[in-house]
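Printed here is query-v4.txt (compact mmCIF, C-alpha atoms (C1' of nucleotides)):
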```
# COMPACT_ATOMS: atom_id res chain seq x y z
CA MET A 1 97.46 -94.65 -7.09
CA SER A 2 99.12 -97.79 -5.78
CA PRO A 3 100.13 -99.71 -8.88
CA ASP A 4 99.57 -103.01 -7.11
CA GLN A 5 98.53 -104.43 -3.82
CA SER A 6 101.43 -106.83 -3.85
CA ALA A 7 105.09 -106.34 -4.57
CA LEU A 8 105.35 -109.91 -5.81
CA LEU A 9 102.53 -109.55 -8.30
CA ALA A 10 104.06 -106.35 -9.60
CA LEU A 11 107.39 -108.13 -9.85
CA GLN A 12 106.01 -110.90 -12.00
CA ARG A 13 104.11 -108.59 -14.27
CA ALA A 14 107.12 -106.37 -14.80
CA THR A 15 109.28 -109.38 -15.55
CA HIS A 16 106.90 -110.60 -18.23
CA VAL A 17 106.45 -107.19 -19.78
CA THR A 18 110.15 -106.36 -19.94
CA LEU A 19 110.92 -109.82 -21.23
CA HIS A 20 108.55 -109.24 -24.12
CA ALA A 21 110.11 -105.87 -24.87
CA LEU A 22 113.59 -107.33 -24.79
CA GLY A 23 112.60 -110.25 -26.96
CA ARG A 24 111.11 -107.89 -29.52
CA GLU A 25 114.31 -105.88 -29.76
CA LEU A 26 116.41 -109.01 -30.04
CA ALA A 27 114.15 -110.97 -32.35
CA SER A 28 116.84 -111.03 -35.01
CA LEU A 29 119.03 -113.22 -32.83
CA GLY A 30 116.48 -116.01 -32.84
CA LEU A 31 116.89 -116.68 -29.14
CA THR A 32 114.35 -117.36 -26.43
CA ALA A 33 114.08 -115.47 -23.18
CA ALA A 34 115.90 -118.12 -21.19
CA GLU A 35 118.73 -118.23 -23.71
CA ILE A 36 119.01 -114.46 -23.68
CA ASN A 37 119.11 -114.52 -19.90
CA ALA A 38 121.89 -117.09 -19.86
CA LEU A 39 123.97 -115.25 -22.45
CA ALA A 40 123.49 -111.95 -20.64
CA ASN A 41 124.87 -113.50 -17.49
CA LEU A 42 127.85 -114.85 -19.42
CA ALA A 43 128.47 -111.61 -21.26
CA ASP A 44 131.37 -110.53 -19.08
CA GLY A 45 133.44 -113.37 -20.48
CA ARG A 46 134.00 -115.09 -17.18
CA ALA A 47 133.50 -118.84 -17.34
CA ARG A 48 130.81 -120.26 -15.08
CA THR A 49 129.62 -123.63 -13.93
CA VAL A 50 126.10 -124.85 -14.44
CA SER A 51 125.34 -124.31 -10.77
CA GLU A 52 126.59 -120.76 -10.79
CA LEU A 53 124.47 -120.01 -13.82
CA GLY A 54 121.52 -121.56 -12.05
CA VAL A 55 121.98 -119.26 -9.08
CA ALA A 56 122.42 -116.25 -11.34
CA THR A 57 119.23 -116.91 -13.27
CA GLY A 58 117.23 -118.41 -10.42
CA SER A 59 116.66 -121.73 -12.15
CA ARG A 60 117.42 -125.33 -11.27
CA PRO A 61 120.39 -127.20 -12.70
CA THR A 62 118.26 -129.40 -14.94
CA THR A 63 116.64 -126.35 -16.44
CA VAL A 64 120.00 -124.75 -17.06
CA THR A 65 121.22 -127.92 -18.71
CA SER A 66 118.43 -127.89 -21.28
CA VAL A 67 118.95 -124.22 -22.03
CA LEU A 68 122.66 -124.86 -22.50
CA ASP A 69 121.87 -127.75 -24.80
CA ARG A 70 120.24 -125.36 -27.22
CA LEU A 71 122.92 -122.72 -26.84
CA GLU A 72 125.53 -125.35 -27.58
CA ARG A 73 123.59 -126.58 -30.59
CA HIS A 74 123.48 -123.01 -31.87
CA GLY A 75 127.24 -122.76 -31.39
CA HIS A 76 127.09 -120.04 -28.77
CA ILE A 77 128.80 -121.85 -25.92
CA THR A 78 131.16 -124.71 -25.21
CA ARG A 79 131.30 -127.00 -22.22
CA GLY A 80 134.54 -128.15 -20.69
CA PRO A 81 135.74 -129.66 -17.44
CA ARG A 82 136.85 -127.41 -14.64
CA PRO A 83 140.52 -127.87 -13.83
CA GLY A 84 140.84 -129.50 -10.45
CA ASP A 85 137.23 -130.63 -10.25
CA ARG A 86 136.02 -132.82 -13.02
CA ARG A 87 132.50 -132.99 -11.64
CA ALA A 88 131.83 -129.40 -12.56
CA VAL A 89 131.36 -128.15 -16.11
CA LEU A 90 132.66 -124.80 -17.23
CA ILE A 91 130.51 -122.84 -19.66
CA GLU A 92 132.35 -120.54 -22.03
CA LEU A 93 131.27 -118.34 -24.91
CA THR A 94 132.35 -119.05 -28.45
CA GLY A 95 133.06 -116.32 -30.97
CA THR A 96 129.47 -116.10 -32.14
CA GLY A 97 128.36 -116.43 -28.55
CA ARG A 98 130.46 -113.44 -27.57
CA ARG A 99 128.98 -111.38 -30.37
CA ALA A 100 125.45 -112.35 -29.40
CA ALA A 101 126.15 -111.64 -25.75
CA ALA A 102 127.57 -108.23 -26.62
CA THR A 103 124.46 -107.38 -28.62
CA ILE A 104 122.30 -108.50 -25.74
CA GLN A 105 124.22 -106.47 -23.22
CA GLN A 106 124.05 -103.35 -25.37
CA THR A 107 120.33 -103.77 -25.88
CA LEU A 108 119.87 -104.39 -22.19
CA ALA A 109 121.88 -101.35 -21.23
CA GLY A 110 120.08 -99.18 -23.76
CA LEU A 111 116.68 -100.28 -22.57
CA GLU A 112 117.58 -99.62 -18.96
CA ARG A 113 119.07 -96.25 -19.77
CA ARG A 114 115.94 -95.14 -21.59
CA ALA A 115 113.74 -96.42 -18.79
CA LEU A 116 115.64 -95.19 -15.78
CA ALA A 117 117.16 -91.94 -17.00
CA ASP A 118 114.64 -89.59 -15.42
CA LEU A 119 114.34 -91.54 -12.23
CA ASP A 120 115.21 -90.46 -8.74
CA PRO A 121 118.67 -91.83 -7.90
CA GLY A 122 117.46 -93.38 -4.68
CA ALA A 123 114.77 -95.34 -6.46
CA LEU A 124 117.23 -97.76 -8.00
CA ALA A 125 118.83 -98.38 -4.63
CA GLY A 126 115.44 -99.11 -3.14
CA PHE A 127 114.66 -101.39 -6.05
CA HIS A 128 117.73 -103.50 -5.44
CA ALA A 129 117.15 -103.49 -1.68
CA VAL A 130 113.64 -104.85 -2.13
CA LEU A 131 114.80 -107.52 -4.55
CA GLN A 132 117.52 -108.55 -2.14
CA ALA A 133 115.08 -108.72 0.75
CA LEU A 134 112.58 -110.75 -1.26
CA MET A 135 115.20 -113.29 -2.23
CA GLU A 136 116.48 -113.68 1.30
CA VAL A 137 113.11 -114.07 2.96
CA PRO A 138 113.23 -116.71 5.69
CA SER A 139 111.13 -119.70 4.76
CA MET B 1 128.84 -104.54 -3.58
CA SER B 2 126.50 -103.98 -6.51
CA PRO B 3 124.29 -107.05 -6.57
CA ASP B 4 124.03 -106.96 -10.31
CA GLN B 5 125.18 -105.02 -13.28
CA SER B 6 121.73 -104.97 -14.72
CA ALA B 7 118.39 -104.17 -13.18
CA LEU B 8 116.66 -106.48 -15.65
CA LEU B 9 118.83 -109.46 -14.80
CA ALA B 10 118.24 -108.87 -11.11
CA LEU B 11 114.55 -108.64 -11.83
CA GLN B 12 114.42 -111.98 -13.57
CA ARG B 13 116.45 -113.74 -10.93
CA ALA B 14 114.31 -112.36 -8.13
CA THR B 15 111.16 -113.43 -9.94
CA HIS B 16 112.37 -117.00 -10.28
CA VAL B 17 113.59 -117.21 -6.71
CA THR B 18 110.44 -115.80 -5.16
CA LEU B 19 108.30 -117.96 -7.40
CA HIS B 20 110.05 -121.03 -6.08
CA ALA B 21 109.59 -119.88 -2.50
CA LEU B 22 105.93 -119.19 -3.06
CA GLY B 23 105.38 -122.50 -4.81
CA ARG B 24 106.98 -124.31 -1.91
CA GLU B 25 104.68 -122.69 0.63
CA LEU B 26 101.63 -123.39 -1.51
CA ALA B 27 102.55 -126.88 -2.62
CA SER B 28 99.49 -128.29 -0.86
CA LEU B 29 97.18 -126.47 -3.27
CA GLY B 30 98.56 -128.42 -6.22
CA LEU B 31 98.77 -125.32 -8.39
CA THR B 32 101.47 -124.15 -10.74
CA ALA B 33 103.08 -120.74 -10.71
CA ALA B 34 100.93 -119.38 -13.52
CA GLU B 35 97.77 -120.60 -11.86
CA ILE B 36 98.80 -119.06 -8.55
CA ASN B 37 99.50 -115.79 -10.32
CA ALA B 38 96.09 -115.77 -11.95
CA LEU B 39 94.25 -116.58 -8.73
CA ALA B 40 96.20 -113.97 -6.81
CA ASN B 41 95.09 -111.36 -9.29
CA LEU B 42 91.50 -112.51 -8.93
CA ALA B 43 91.63 -112.68 -5.15
CA ASP B 44 89.81 -109.40 -4.60
CA GLY B 45 86.66 -111.00 -5.96
CA ARG B 46 86.25 -108.58 -8.83
CA ALA B 47 85.39 -110.30 -12.10
CA ARG B 48 87.83 -109.78 -14.93
CA THR B 49 88.03 -110.44 -18.61
CA VAL B 50 90.75 -112.51 -20.20
CA SER B 51 92.40 -109.40 -21.56
CA GLU B 52 92.45 -107.66 -18.20
CA LEU B 53 94.00 -110.71 -16.64
CA GLY B 54 96.57 -110.76 -19.41
CA VAL B 55 97.56 -107.18 -18.69
CA ALA B 56 97.69 -107.86 -14.96
CA THR B 57 99.97 -110.84 -15.35
CA GLY B 58 101.90 -109.61 -18.35
CA SER B 59 100.93 -112.54 -20.55
CA ARG B 60 99.21 -112.85 -23.88
CA PRO B 61 95.55 -113.78 -24.24
CA THR B 62 96.30 -117.25 -25.56
CA THR B 63 98.48 -117.96 -22.58
CA VAL B 64 95.79 -116.78 -20.20
CA THR B 65 93.26 -118.99 -21.94
CA SER B 66 95.27 -122.14 -21.35
CA VAL B 67 95.87 -121.24 -17.72
CA LEU B 68 92.16 -120.64 -17.28
CA ASP B 69 91.44 -123.99 -18.91
CA ARG B 70 93.22 -125.72 -16.07
CA LEU B 71 91.70 -123.52 -13.40
CA GLU B 72 88.26 -124.23 -14.78
CA ARG B 73 88.97 -127.96 -14.90
CA HIS B 74 90.00 -127.78 -11.24
CA GLY B 75 86.77 -125.99 -10.44
CA HIS B 76 88.40 -122.78 -9.31
CA ILE B 77 86.82 -120.41 -11.79
CA THR B 78 83.86 -120.08 -14.08
CA ARG B 79 83.57 -118.29 -17.39
CA GLY B 80 80.56 -116.34 -18.42
CA PRO B 81 79.64 -113.67 -20.93
CA ARG B 82 79.96 -110.04 -20.02
CA PRO B 83 76.62 -108.30 -20.00
CA GLY B 84 76.49 -105.88 -22.88
CA ASP B 85 79.49 -107.33 -24.69
CA ARG B 86 79.31 -110.95 -25.59
CA ARG B 87 82.75 -110.96 -27.11
CA ALA B 88 84.36 -110.66 -23.72
CA VAL B 89 84.44 -113.44 -21.13
CA LEU B 90 84.12 -112.69 -17.46
CA ILE B 91 86.24 -114.78 -15.13
CA GLU B 92 84.84 -115.36 -11.66
CA LEU B 93 85.98 -117.38 -8.71
CA THR B 94 83.97 -120.35 -7.47
CA GLY B 95 83.74 -121.27 -3.81
CA THR B 96 86.84 -123.42 -3.87
CA GLY B 97 88.51 -120.81 -6.02
CA ARG B 98 87.81 -118.14 -3.45
CA ARG B 99 89.28 -120.30 -0.71
CA ALA B 100 92.38 -121.02 -2.75
CA ALA B 101 92.75 -117.36 -3.65
CA ALA B 102 92.42 -116.37 0.00
CA THR B 103 95.13 -118.82 0.98
CA ILE B 104 97.35 -117.50 -1.78
CA GLN B 105 96.81 -113.91 -0.75
CA GLN B 106 97.56 -114.65 2.89
CA THR B 107 100.71 -116.52 1.97
CA LEU B 108 101.71 -113.73 -0.35
CA ALA B 109 101.11 -111.09 2.27
CA GLY B 110 102.95 -113.06 4.91
CA LEU B 111 105.93 -113.60 2.69
CA GLU B 112 106.11 -109.93 1.82
CA ARG B 113 105.71 -108.89 5.42
CA ARG B 114 108.56 -111.12 6.54
CA ALA B 115 110.74 -109.91 3.71
CA LEU B 116 110.07 -106.21 3.81
CA ALA B 117 109.51 -105.54 7.49
CA ASP B 118 112.96 -104.14 8.28
CA LEU B 119 113.23 -102.20 5.08
CA ASP B 120 113.53 -98.50 4.62
CA PRO B 121 110.07 -97.10 3.78
CA GLY B 122 111.38 -95.31 0.72
CA ALA B 123 112.80 -98.49 -0.72
CA LEU B 124 109.41 -99.89 -1.61
CA ALA B 125 108.44 -96.66 -3.31
CA GLY B 126 111.64 -96.79 -5.34
CA PHE B 127 110.96 -100.40 -6.17
CA HIS B 128 107.56 -99.61 -7.63
CA ALA B 129 108.90 -96.55 -9.42
CA VAL B 130 111.57 -98.63 -11.16
CA LEU B 131 109.09 -101.32 -12.13
CA GLN B 132 106.76 -98.70 -13.53
CA ALA B 133 109.55 -97.08 -15.50
CA LEU B 134 110.72 -100.41 -16.89
CA MET B 135 107.27 -101.31 -18.09
CA GLU B 136 106.71 -97.96 -19.75
CA VAL B 137 110.00 -97.81 -21.58
CA PRO B 138 109.55 -96.40 -25.08
CA SER B 139 110.25 -99.00 -27.68
C1' DA C 1 69.53 -101.94 -43.11
C1' DG C 2 73.94 -103.76 -44.53
C1' DC C 3 78.94 -103.90 -44.31
C1' DC C 4 83.48 -103.66 -42.94
C1' DC C 5 86.84 -103.29 -39.36
C1' DG C 6 88.68 -103.80 -34.95
C1' DA C 7 88.24 -106.20 -30.53
C1' DT C 8 87.83 -110.53 -27.96
C1' DA C 9 88.61 -115.10 -26.99
C1' DT C 10 89.51 -119.73 -28.39
C1' DC C 11 91.65 -123.61 -30.99
C1' DG C 12 95.40 -126.35 -33.20
C1' DT C 13 100.00 -126.89 -33.43
C1' DA C 14 104.54 -126.55 -32.06
C1' DA C 15 108.54 -125.21 -29.54
C1' DT C 16 110.34 -124.14 -24.83
C1' DA C 17 110.62 -124.44 -19.99
C1' DT C 18 110.43 -126.81 -15.96
C1' DT C 19 110.30 -130.46 -12.89
C1' DC C 20 111.10 -135.14 -10.81
C1' DG C 21 113.56 -139.22 -10.10
C1' DA C 22 117.45 -141.84 -11.39
C1' DT C 23 122.18 -142.18 -12.74
C1' DA C 24 127.08 -141.45 -13.50
C1' DT C 25 131.06 -139.18 -12.04
C1' DC C 26 133.85 -137.00 -8.94
C1' DG C 27 135.94 -134.76 -4.36
C1' DT C 28 136.40 -135.23 0.62
C1' DG C 29 136.56 -136.74 5.17
C1' DG C 30 136.51 -140.44 8.21
C1' DC D 1 139.09 -147.20 0.93
C1' DC D 2 134.69 -146.31 1.67
C1' DA D 3 130.60 -143.74 2.50
C1' DC D 4 128.65 -139.32 1.68
C1' DG D 5 127.78 -135.01 -0.49
C1' DA D 6 128.33 -132.30 -4.70
C1' DT D 7 127.83 -131.84 -9.69
C1' DA D 8 125.80 -132.46 -13.93
C1' DT D 9 123.15 -135.10 -17.06
C1' DC D 10 119.42 -138.12 -18.83
C1' DG D 11 114.51 -139.78 -19.58
C1' DA D 12 109.90 -138.90 -19.08
C1' DA D 13 106.23 -136.12 -18.08
C1' DT D 14 103.90 -131.84 -17.63
C1' DA D 15 103.42 -126.83 -17.99
C1' DT D 16 104.20 -122.73 -20.35
C1' DT D 17 104.14 -119.82 -24.12
C1' DA D 18 103.71 -118.37 -28.66
C1' DC D 19 101.93 -118.03 -33.48
C1' DG D 20 98.52 -118.21 -36.94
C1' DA D 21 93.86 -119.12 -37.99
C1' DT D 22 89.10 -118.94 -36.72
C1' DA D 23 84.63 -117.67 -34.78
C1' DT D 24 82.00 -114.27 -32.67
C1' DC D 25 80.71 -109.81 -31.59
C1' DG D 26 80.31 -104.19 -31.37
C1' DG D 27 80.43 -100.11 -33.46
C1' DG D 28 80.88 -96.91 -36.98
C1' DC D 29 79.99 -95.70 -41.87
C1' DT D 30 77.45 -95.40 -45.86
```
In structure tokens, how does this file's structure come out?
Amino acid sequence: MSPDQSALLALQRATHVTLHALGRELASLGLTAAEINALANLADGRARTVSELGVATGSRPTTVTSVLDRLERHGHITRGPRPGDRRAVLIELTGTGRRAAATIQQTLAGLERRALADLDPGALAGFHAVLQALMEVPS
Amino acid sequence: MSPDQSALLALQRATHVTLHALGRELASLGLTAAEINALANLADGRARTVSELGVATGSRPTTVTSVLDRLERHGHITRGPRPGDRRAVLIELTGTGRRAAATIQQTLAGLERRALADLDPGALAGFHAVLQALMEVPS
DNA sequence: AGCCCGATATCGTAATATTCGATATCGTGG
DNA sequence: CCACGATATCGAATATTACGATATCGGGCT
């Protein structure tokens, strides 16, 4: 009954599958998975630097830059200097960006609620513990 | 202390991070993440169709086809007809493919062992339960 | 037998994603 | 004030993924 030999293979499959489901529900926004991911991480309204966003999404700075290029072109974000450190760039949501991010967050929350409602409470804790352990594995 | 508001965002970040770690350890094979994923799923030696591989990796058939194109060019797999159903294509590992897949599986297993050794036994069960629930969410 | 429909995989095309190396700018500590 | 690390971007290349169209095939229906 083991769904997979490997936790990592299961992780990747689940990521792809849920990404497709999320993209289907948010097709009207005309955004790609990476853009949705970035907006979801910005949805709380707190400004972030490119590096912080890279850590949050698990991507490299150059990748984040290209995603932000498209988000900026679509008018969803603005870039500005960080006060006190003009190397860093602060990413902030625009009005339309905030609306899109809110839609994303609601869809995200709804999908998770439907999926995890009937689940054992400890399962979610174990889920996060495994993710944490996988990300901190000593190389 | 909650690592993330959203299980899905945590999922995506963990996937990216672990993919980078895995790619680093397997850099000598000269394979990309998608190719590694495909070979890992084929590592048990059982032949699979393109569709089965798509389900296992969570990708669409066209995506699998292009990944297989590269694996075939590298001499890691062969394609042949499935006896009794010539629509389907059976993917099988070659000699070099089997060696690469074995290396991948060992690296995968080692990485998971290092990461999950000190973890509560129930955590892994919860992890798989959450993944299962997320993939089966009613649309 | 003949036919239509769904399943399977591939192809062409295009848009995205990702990476690498190089570069410009900026803080910080000697 | 100077060297070094941090930060982000750019240019070029490759990989990834998707969509629609196409070819082939199995199976059921008449």
Counting only C-alpha atoms (C1' of nucleotides), what are the residues of chain B within 12 Å of chain D, and for each of them which pair of atoms is the nearest and at what distance in Å, to one decimal? Sort the table by chain and rising number, as a tab-separated table.
```
residue	atom	partner	partner_atom	distance
B:Leu31	CA	D:DA15	C1'	10.8
B:Thr32	CA	D:DA15	C1'	8.0
B:Ala33	CA	D:DA15	C1'	9.5
B:Ala34	CA	D:DT16	C1'	8.3
B:Glu35	CA	D:DA15	C1'	10.4
B:Gly58	CA	D:DT17	C1'	11.9
B:Ser59	CA	D:DT17	C1'	8.7
B:Arg60	CA	D:DT17	C1'	8.5
B:Pro61	CA	D:DA18	C1'	10.4
B:Thr62	CA	D:DA18	C1'	8.1
B:Thr63	CA	D:DT17	C1'	6.2
B:Val64	CA	D:DT17	C1'	9.7
B:Thr65	CA	D:DT17	C1'	11.1
B:Ser66	CA	D:DT16	C1'	9.0
B:Val67	CA	D:DT16	C1'	8.9
B:Arg70	CA	D:DA15	C1'	10.4
B:Pro81	CA	D:DC25	C1'	11.4
B:Arg82	CA	D:DC25	C1'	11.6
B:Gly84	CA	D:DG26	C1'	9.5
B:Asp85	CA	D:DG26	C1'	7.4
B:Arg86	CA	D:DC25	C1'	6.3
B:Arg87	CA	D:DC25	C1'	5.1
B:Ala88	CA	D:DC25	C1'	8.7
B:Val89	CA	D:DC25	C1'	11.7
```
Would you superpose chain A on chain B, least squares on all C-alpha atoms in order, and hand back the fitted chain as an mmCIF file with C-alpha atoms, keeping the file's coordinate frame?
```
data_model
loop_
_atom_site.group_PDB
_atom_site.id
_atom_site.type_symbol
_atom_site.label_atom_id
_atom_site.label_comp_id
_atom_site.auth_asym_id
_atom_site.auth_seq_id
_atom_site.Cartn_x
_atom_site.Cartn_y
_atom_site.Cartn_z
ATOM 1 C CA MET A 1 128.772 -104.603 -3.559
ATOM 2 C CA SER A 2 126.466 -104.076 -6.514
ATOM 3 C CA PRO A 3 124.232 -107.129 -6.549
ATOM 4 C CA ASP A 4 124.004 -107.012 -10.327
ATOM 5 C CA GLN A 5 125.175 -105.044 -13.273
ATOM 6 C CA SER A 6 121.698 -104.983 -14.714
ATOM 7 C CA ALA A 7 118.356 -104.189 -13.180
ATOM 8 C CA LEU A 8 116.646 -106.499 -15.647
ATOM 9 C CA LEU A 9 118.824 -109.471 -14.807
ATOM 10 C CA ALA A 10 118.229 -108.891 -11.122
ATOM 11 C CA LEU A 11 114.521 -108.645 -11.835
ATOM 12 C CA GLN A 12 114.392 -111.999 -13.548
ATOM 13 C CA ARG A 13 116.433 -113.746 -10.926
ATOM 14 C CA ALA A 14 114.313 -112.364 -8.121
ATOM 15 C CA THR A 15 111.155 -113.402 -9.921
ATOM 16 C CA HIS A 16 112.355 -116.976 -10.267
ATOM 17 C CA VAL A 17 113.592 -117.203 -6.710
ATOM 18 C CA THR A 18 110.447 -115.785 -5.128
ATOM 19 C CA LEU A 19 108.296 -117.925 -7.368
ATOM 20 C CA HIS A 20 110.052 -121.010 -6.060
ATOM 21 C CA ALA A 21 109.603 -119.881 -2.472
ATOM 22 C CA LEU A 22 105.936 -119.179 -3.026
ATOM 23 C CA GLY A 23 105.394 -122.475 -4.776
ATOM 24 C CA ARG A 24 107.015 -124.316 -1.891
ATOM 25 C CA GLU A 25 104.711 -122.697 0.641
ATOM 26 C CA LEU A 26 101.667 -123.393 -1.489
ATOM 27 C CA ALA A 27 102.585 -126.881 -2.617
ATOM 28 C CA SER A 28 99.534 -128.297 -0.884
ATOM 29 C CA LEU A 29 97.248 -126.485 -3.300
ATOM 30 C CA GLY A 30 98.639 -128.390 -6.254
ATOM 31 C CA LEU A 31 98.822 -125.300 -8.427
ATOM 32 C CA THR A 32 101.496 -124.065 -10.790
ATOM 33 C CA ALA A 33 103.073 -120.643 -10.691
ATOM 34 C CA ALA A 34 100.930 -119.291 -13.498
ATOM 35 C CA GLU A 35 97.764 -120.557 -11.842
ATOM 36 C CA ILE A 36 98.790 -119.037 -8.536
ATOM 37 C CA ASN A 37 99.480 -115.756 -10.284
ATOM 38 C CA ALA A 38 96.070 -115.737 -11.930
ATOM 39 C CA LEU A 39 94.236 -116.593 -8.717
ATOM 40 C CA ALA A 40 96.178 -113.964 -6.789
ATOM 41 C CA ASN A 41 95.057 -111.349 -9.265
ATOM 42 C CA LEU A 42 91.458 -112.514 -8.918
ATOM 43 C CA ALA A 43 91.596 -112.694 -5.147
ATOM 44 C CA ASP A 44 89.766 -109.428 -4.584
ATOM 45 C CA GLY A 45 86.610 -110.995 -5.960
ATOM 46 C CA ARG A 46 86.215 -108.590 -8.828
ATOM 47 C CA ALA A 47 85.370 -110.289 -12.104
ATOM 48 C CA ARG A 48 87.835 -109.769 -14.935
ATOM 49 C CA THR A 49 88.030 -110.427 -18.626
ATOM 50 C CA VAL A 50 90.735 -112.509 -20.202
ATOM 51 C CA SER A 51 92.394 -109.390 -21.566
ATOM 52 C CA GLU A 52 92.445 -107.668 -18.220
ATOM 53 C CA LEU A 53 93.999 -110.726 -16.648
ATOM 54 C CA GLY A 54 96.555 -110.766 -19.424
ATOM 55 C CA VAL A 55 97.542 -107.187 -18.687
ATOM 56 C CA ALA A 56 97.678 -107.876 -14.963
ATOM 57 C CA THR A 57 99.969 -110.867 -15.339
ATOM 58 C CA GLY A 58 101.900 -109.634 -18.359
ATOM 59 C CA SER A 59 100.931 -112.555 -20.565
ATOM 60 C CA ARG A 60 99.203 -112.874 -23.915
ATOM 61 C CA PRO A 61 95.544 -113.803 -24.247
ATOM 62 C CA THR A 62 96.276 -117.276 -25.587
ATOM 63 C CA THR A 63 98.475 -117.988 -22.614
ATOM 64 C CA VAL A 64 95.805 -116.797 -20.230
ATOM 65 C CA THR A 65 93.263 -118.989 -21.960
ATOM 66 C CA SER A 66 95.285 -122.143 -21.363
ATOM 67 C CA VAL A 67 95.891 -121.254 -17.737
ATOM 68 C CA LEU A 68 92.174 -120.646 -17.283
ATOM 69 C CA ASP A 69 91.432 -123.975 -18.906
ATOM 70 C CA ARG A 70 93.221 -125.731 -16.088
ATOM 71 C CA LEU A 71 91.739 -123.518 -13.405
ATOM 72 C CA GLU A 72 88.299 -124.254 -14.784
ATOM 73 C CA ARG A 73 89.022 -127.969 -14.894
ATOM 74 C CA HIS A 74 90.059 -127.788 -11.249
ATOM 75 C CA GLY A 75 86.799 -126.011 -10.447
ATOM 76 C CA HIS A 76 88.413 -122.785 -9.318
ATOM 77 C CA ILE A 77 86.838 -120.415 -11.813
ATOM 78 C CA THR A 78 83.857 -120.066 -14.103
ATOM 79 C CA ARG A 79 83.589 -118.283 -17.412
ATOM 80 C CA GLY A 80 80.554 -116.293 -18.409
ATOM 81 C CA PRO A 81 79.633 -113.637 -20.935
ATOM 82 C CA ARG A 82 79.972 -110.005 -20.025
ATOM 83 C CA PRO A 83 76.624 -108.237 -20.005
ATOM 84 C CA GLY A 84 76.496 -105.810 -22.883
ATOM 85 C CA ASP A 85 79.466 -107.275 -24.723
ATOM 86 C CA ARG A 86 79.245 -110.892 -25.616
ATOM 87 C CA ARG A 87 82.708 -110.949 -27.144
ATOM 88 C CA ALA A 88 84.342 -110.638 -23.765
ATOM 89 C CA VAL A 89 84.442 -113.404 -21.171
ATOM 90 C CA LEU A 90 84.146 -112.690 -17.487
ATOM 91 C CA ILE A 91 86.265 -114.790 -15.148
ATOM 92 C CA GLU A 92 84.853 -115.366 -11.688
ATOM 93 C CA LEU A 93 85.976 -117.405 -8.708
ATOM 94 C CA THR A 94 83.994 -120.366 -7.482
ATOM 95 C CA GLY A 95 83.732 -121.293 -3.824
ATOM 96 C CA THR A 96 86.849 -123.435 -3.870
ATOM 97 C CA GLY A 97 88.518 -120.826 -6.025
ATOM 98 C CA ARG A 98 87.813 -118.160 -3.436
ATOM 99 C CA ARG A 99 89.272 -120.317 -0.698
ATOM 100 C CA ALA A 100 92.386 -121.029 -2.733
ATOM 101 C CA ALA A 101 92.759 -117.372 -3.629
ATOM 102 C CA ALA A 102 92.427 -116.379 0.019
ATOM 103 C CA THR A 103 95.141 -118.843 0.998
ATOM 104 C CA ILE A 104 97.354 -117.496 -1.742
ATOM 105 C CA GLN A 105 96.816 -113.915 -0.722
ATOM 106 C CA GLN A 106 97.571 -114.674 2.917
ATOM 107 C CA THR A 107 100.731 -116.526 1.990
ATOM 108 C CA LEU A 108 101.726 -113.720 -0.322
ATOM 109 C CA ALA A 109 101.116 -111.082 2.300
ATOM 110 C CA GLY A 110 102.964 -113.073 4.941
ATOM 111 C CA LEU A 111 105.961 -113.599 2.722
ATOM 112 C CA GLU A 112 106.126 -109.927 1.844
ATOM 113 C CA ARG A 113 105.728 -108.874 5.445
ATOM 114 C CA ARG A 114 108.587 -111.093 6.562
ATOM 115 C CA ALA A 115 110.765 -109.888 3.712
ATOM 116 C CA LEU A 116 110.079 -106.187 3.814
ATOM 117 C CA ALA A 117 109.526 -105.522 7.504
ATOM 118 C CA ASP A 118 112.967 -104.134 8.278
ATOM 119 C CA LEU A 119 113.260 -102.199 5.078
ATOM 120 C CA ASP A 120 113.569 -98.486 4.612
ATOM 121 C CA PRO A 121 110.111 -97.100 3.786
ATOM 122 C CA GLY A 122 111.380 -95.298 0.723
ATOM 123 C CA ALA A 123 112.804 -98.474 -0.738
ATOM 124 C CA LEU A 124 109.403 -99.874 -1.604
ATOM 125 C CA ALA A 125 108.442 -96.649 -3.330
ATOM 126 C CA GLY A 126 111.619 -96.775 -5.364
ATOM 127 C CA PHE A 127 110.944 -100.402 -6.179
ATOM 128 C CA HIS A 128 107.546 -99.622 -7.624
ATOM 129 C CA ALA A 129 108.879 -96.561 -9.448
ATOM 130 C CA VAL A 130 111.541 -98.640 -11.171
ATOM 131 C CA LEU A 131 109.060 -101.333 -12.131
ATOM 132 C CA GLN A 132 106.729 -98.713 -13.535
ATOM 133 C CA ALA A 133 109.522 -97.099 -15.518
ATOM 134 C CA LEU A 134 110.700 -100.435 -16.895
ATOM 135 C CA MET A 135 107.233 -101.333 -18.089
ATOM 136 C CA GLU A 136 106.677 -97.992 -19.757
ATOM 137 C CA VAL A 137 109.987 -97.838 -21.570
ATOM 138 C CA PRO A 138 109.563 -96.416 -25.068
ATOM 139 C CA SER A 139 110.278 -99.040 -27.680
#
```
Q.
If I take CA of Asp120 in chain A and CA of Ala125 in chain B, how far is one from the other in Å, to one decimal?
A.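 Those two atoms sit 10.7 Å apart.
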Just need the box for range 8-18 of chain D, edges along x, y and z, holding every atom the file lists for it with 5 Å tacked onto each side, so centre and edge lengths in Å to one decimal, as lines of an AutoDock Vina configuration file.
```
center_x = 114.6
center_y = -129.1
center_z = -21.3
size_x = 32.4
size_y = 31.4
size_z = 24.7
```
**Q.** Expected answer as a VMD selection string: chain B residues within 6 Å of chain A, all atoms listed in the file
**A.** chain B and resid 13 16 to 17 57 to 58 115 123 126 to 127 133 to 134 137
